[in-house]
file input.cif (mmCIF, C-alpha atoms)
data_model
#
loop_
_atom_site.label_atom_id
_atom_site.label_comp_id
_atom_site.auth_asym_id
_atom_site.auth_seq_id
_atom_site.Cartn_x
_atom_site.Cartn_y
_atom_site.Cartn_z
CA MET U 1 31.32 -40.00 41.10
CA PRO U 2 27.63 -39.52 40.29
CA LEU U 3 25.80 -36.36 41.23
CA SER U 4 22.97 -38.42 42.68
CA ASN U 5 21.81 -42.01 42.91
CA GLU U 6 18.78 -41.24 40.77
CA PRO U 7 19.17 -42.32 37.14
CA LEU U 8 18.82 -39.60 34.53
CA LEU U 9 15.69 -39.93 32.45
CA PRO U 10 16.19 -40.47 28.71
CA SER U 11 15.49 -37.27 26.83
CA ALA U 12 16.60 -35.27 23.83
CA VAL U 13 19.19 -33.71 26.15
CA ASN U 14 20.44 -36.96 27.72
CA VAL U 15 21.50 -39.00 24.70
CA LEU U 16 24.27 -40.97 26.40
CA ARG U 17 23.50 -44.68 26.66
CA ALA U 18 25.61 -46.66 29.12
CA SER U 19 25.06 -49.97 27.29
CA GLY U 20 26.35 -48.45 24.05
CA ILE U 21 29.40 -47.01 25.80
CA VAL U 22 30.19 -50.40 27.34
CA GLN U 23 29.81 -52.16 23.99
CA LEU U 24 31.94 -49.66 22.06
CA LEU U 25 34.69 -49.63 24.70
CA LYS U 26 34.70 -53.30 25.72
CA THR U 27 38.36 -53.68 24.68
CA TYR U 28 39.51 -50.27 25.91
CA PRO U 29 42.61 -50.79 28.09
CA ASN U 30 41.41 -48.60 30.98
CA GLN U 31 38.12 -50.12 32.11
CA HIS U 32 37.99 -47.77 35.11
CA PHE U 33 37.60 -44.93 32.59
CA VAL U 34 34.78 -46.86 30.89
CA ASP U 35 33.09 -47.33 34.28
CA THR U 36 33.37 -43.58 34.92
CA LEU U 37 31.79 -42.76 31.55
CA THR U 38 28.91 -45.18 32.10
CA SER U 39 28.33 -43.78 35.58
CA ILE U 40 28.10 -40.28 34.12
CA ALA U 41 25.70 -41.53 31.43
CA ILE U 42 23.47 -43.11 34.07
CA SER U 43 23.57 -40.58 36.90
CA GLY U 44 25.28 -37.39 35.76
CA ALA U 45 28.56 -36.02 37.06
CA GLN U 46 29.79 -33.78 39.81
CA VAL U 47 31.48 -30.62 38.60
CA GLY U 48 33.80 -30.70 41.59
CA PHE U 49 32.53 -27.55 43.27
CA GLN U 50 34.14 -27.19 46.69
CA GLY U 51 33.32 -23.56 47.41
CA ASN U 52 30.91 -22.27 49.99
CA PRO U 53 27.58 -24.05 49.40
CA LEU U 54 25.79 -21.67 51.76
CA SER U 55 26.45 -18.49 49.83
CA ARG U 56 24.18 -16.22 47.84
CA THR U 57 25.92 -14.79 44.82
CA GLN U 58 24.24 -12.61 42.23
CA CYS U 59 25.88 -10.40 39.61
CA PRO U 60 24.36 -8.09 37.03
CA ASN U 61 24.50 -9.20 33.41
CA HIS U 62 27.32 -7.97 31.21
CA SER U 63 26.70 -4.86 29.11
CA SER U 64 26.71 -6.97 25.92
CA ALA U 65 23.54 -8.69 27.14
CA LEU U 66 21.88 -5.36 27.89
CA ILE U 67 22.66 -4.02 24.41
CA HIS U 68 21.02 -7.01 22.66
CA PRO U 69 18.28 -8.33 24.99
CA GLU U 70 16.40 -9.86 22.03
CA VAL U 71 19.35 -12.21 21.36
CA ILE U 72 19.37 -13.29 25.00
CA SER U 73 15.58 -13.86 25.08
CA LYS U 74 15.63 -15.88 21.87
CA SER U 75 18.51 -18.04 23.16
CA ILE U 76 16.84 -18.69 26.53
CA GLN U 77 13.55 -19.63 24.85
CA ALA U 78 15.41 -22.09 22.60
CA GLU U 79 17.18 -23.63 25.61
CA LEU U 80 13.88 -23.95 27.47
CA ARG U 81 12.28 -25.73 24.48
CA LYS U 82 15.20 -28.18 24.34
CA GLY U 83 15.00 -28.81 28.09
CA GLN U 84 18.55 -27.60 28.64
CA VAL U 85 17.53 -24.94 31.15
CA LYS U 86 14.62 -24.85 33.55
CA GLU U 87 12.55 -21.87 34.57
CA ILE U 88 12.10 -21.43 38.32
CA SER U 89 9.76 -19.08 40.12
CA ASP U 90 11.74 -18.64 43.34
CA LEU U 91 15.45 -18.69 44.09
CA LEU U 92 16.70 -21.26 46.57
CA LEU U 93 18.14 -20.09 49.88
CA ASN U 94 21.67 -20.63 48.56
CA TYR U 95 22.43 -19.91 44.91
CA PHE U 96 24.80 -18.60 42.29
CA CYS U 97 23.28 -16.25 39.77
CA SER U 98 26.09 -15.78 37.25
CA PRO U 99 25.98 -12.94 34.73
CA ILE U 100 25.00 -13.54 31.13
CA GLY U 101 26.88 -11.99 28.25
CA LEU U 102 27.28 -12.16 24.49
CA VAL U 103 30.36 -12.85 22.39
CA HIS U 104 30.70 -12.59 18.63
CA LYS U 105 30.40 -15.72 16.52
CA GLN U 106 32.84 -15.36 13.64
CA THR U 107 33.44 -17.15 10.38
CA ASP U 108 36.45 -16.21 8.26
CA GLY U 109 36.95 -13.10 10.40
CA LEU U 110 33.39 -11.83 9.90
CA GLN U 111 30.75 -11.67 12.61
CA THR U 112 27.99 -14.16 11.81
CA GLY U 113 25.96 -13.90 15.00
CA TRP U 114 26.13 -14.07 18.76
CA ARG U 115 26.86 -16.75 21.33
CA VAL U 116 25.36 -16.45 24.81
CA ILE U 117 27.76 -17.09 27.68
CA PHE U 118 27.10 -17.78 31.34
CA ASP U 119 30.08 -16.21 33.09
CA LEU U 120 30.91 -18.76 35.77
CA SER U 121 34.12 -16.83 36.55
CA SER U 122 32.25 -13.85 37.97
CA PRO U 123 32.51 -12.37 40.54
CA GLN U 124 36.25 -12.82 40.81
CA GLY U 125 37.20 -14.57 44.04
CA SER U 126 33.78 -16.07 44.80
CA SER U 127 32.55 -17.46 41.47
CA VAL U 128 31.45 -20.99 40.62
CA ASN U 129 34.78 -21.54 38.85
CA ASP U 130 36.69 -20.27 41.91
CA GLY U 131 35.06 -23.10 43.89
CA ILE U 132 36.33 -25.81 41.52
CA PRO U 133 39.94 -26.92 42.13
CA LYS U 134 42.22 -26.32 39.13
CA GLU U 135 43.15 -30.01 38.87
CA TYR U 136 39.49 -30.87 38.12
CA GLY U 137 39.69 -28.83 34.94
CA THR U 138 43.07 -30.11 33.82
CA PHE U 139 43.39 -32.61 31.00
CA VAL U 140 46.40 -34.81 30.43
CA TYR U 141 46.49 -36.11 26.89
CA GLU U 142 48.05 -39.39 25.84
CA THR U 143 51.29 -38.95 23.91
CA GLN U 144 52.08 -40.27 20.45
CA ASN U 145 54.48 -42.72 22.13
CA ASP U 146 51.59 -44.00 24.28
CA ALA U 147 49.56 -44.62 21.12
CA VAL U 148 52.42 -46.47 19.43
CA ARG U 149 52.98 -48.59 22.57
CA LEU U 150 49.29 -49.57 22.67
CA VAL U 151 49.27 -50.49 18.96
CA VAL U 152 52.39 -52.62 19.42
CA GLN U 153 50.85 -54.21 22.51
CA ALA U 154 47.62 -55.01 20.62
CA GLY U 155 49.60 -56.60 17.80
CA LYS U 156 48.90 -57.28 14.14
CA GLY U 157 45.51 -56.07 12.95
CA ALA U 158 45.25 -53.37 15.63
CA VAL U 159 43.12 -50.37 14.75
CA LEU U 160 43.95 -46.89 16.03
CA MET U 161 41.17 -44.31 16.18
CA LYS U 162 41.23 -40.68 17.19
#
call {"tool": "encode", "arguments": {"input": "input.cif", "output": "structure tokens"}}
result
Amino acid sequence: MPLSNEPLLPSAVNVLRASGIVQLLKTYPNQHFVDTLTSIAISGAQVGFQGNPLSRTQCPNHSSALIHPEVISKSIQAELRKGQVKEISDLLLNYFCSPIGLVHKQTDGLQTGWRVIFDLSSPQGSSVNDGIPKEYGTFVYETQNDAVRLVVQAGKGAVLMK
């Protein structure tokens, strides 16, 4: 279900194109899934939050963010330039202000940098994640038998892609 009825504006951030999705998936067996994807491409998606929309939640940043504030600042500036976050001057009446933290980026067991995290699981018991039912974050993958059945159903010349 879309977040709003207003179409998302094309931008460097919104690169999904509903017409392309429809074209690429025109023979996909589950057209309801295709409709869902195109709806998300056009209007965005609900995250399924069912917690208290009238709350004010604010937590201090994690100590890792306080130890390396320059990493946090650089990351936020990059996100602002890309249009992936938006600066606001005043908080709304109801809001979640989740803590920011840093985790190690590693390659071959060696730290190669930092990754900024927004801890949507804090504070425990009244976080953003606590307000999203578990089934909304559960994936059920198709089995190998499902794939074989679909190939057999499609017949000779079928193409299987992962």
call {"tool": "residues_around", "arguments": {"input": "input.cif", "residues": "region 112-126 of chain U", "least_positions_apart": "4", "cutoff": "9 Å", "atoms": "all atoms listed in the file", "output": "ChimeraX atom specification"}}
result
/U:51-52,57-59,61-62,65,71-72,75-76,96-107,130-131
call {"tool": "residues_around", "arguments": {"input": "input.cif", "residues": "region 22-37 of chain U", "least_positions_apart": "5", "cutoff": "12 Å", "atoms": "all atoms listed in the file", "output": "VMD selection string"}}
result
chain U and resid 1 to 2 16 to 17 42 to 46 146 to 147 149 to 151 153 to 154 158 to 161
call {"tool": "atom_distance", "arguments": {"input": "input.cif", "atom1": "CA of Ser39 (chain U)", "atom2": "CA of Tyr136 (chain U)"}}
result
17.3 Å
call {"tool": "axis_aligned_box", "arguments": {"input": "input.cif", "around": "region 113-129 of chain U", "padding_each_side": "4 Å", "output": "lines of an AutoDock Vina configuration file"}}
result
center_x = 31.3
center_y = -17.0
center_z = 29.9
size_x = 19.8
size_y = 17.2
size_z = 37.8
call {"tool": "atom_distance", "arguments": {"input": "input.cif", "atom1": "CA of Arg56 (chain U)", "atom2": "CA of Ile132 (chain U)"}}
result
16.7 Å
call {"tool": "residues_around", "arguments": {"input": "input.cif", "residues": "region 133-135 of chain U", "least_positions_apart": "5", "cutoff": "9 Å", "atoms": "all atoms listed in the file", "output": "number ranges by chain"}}
result
U: 48-50
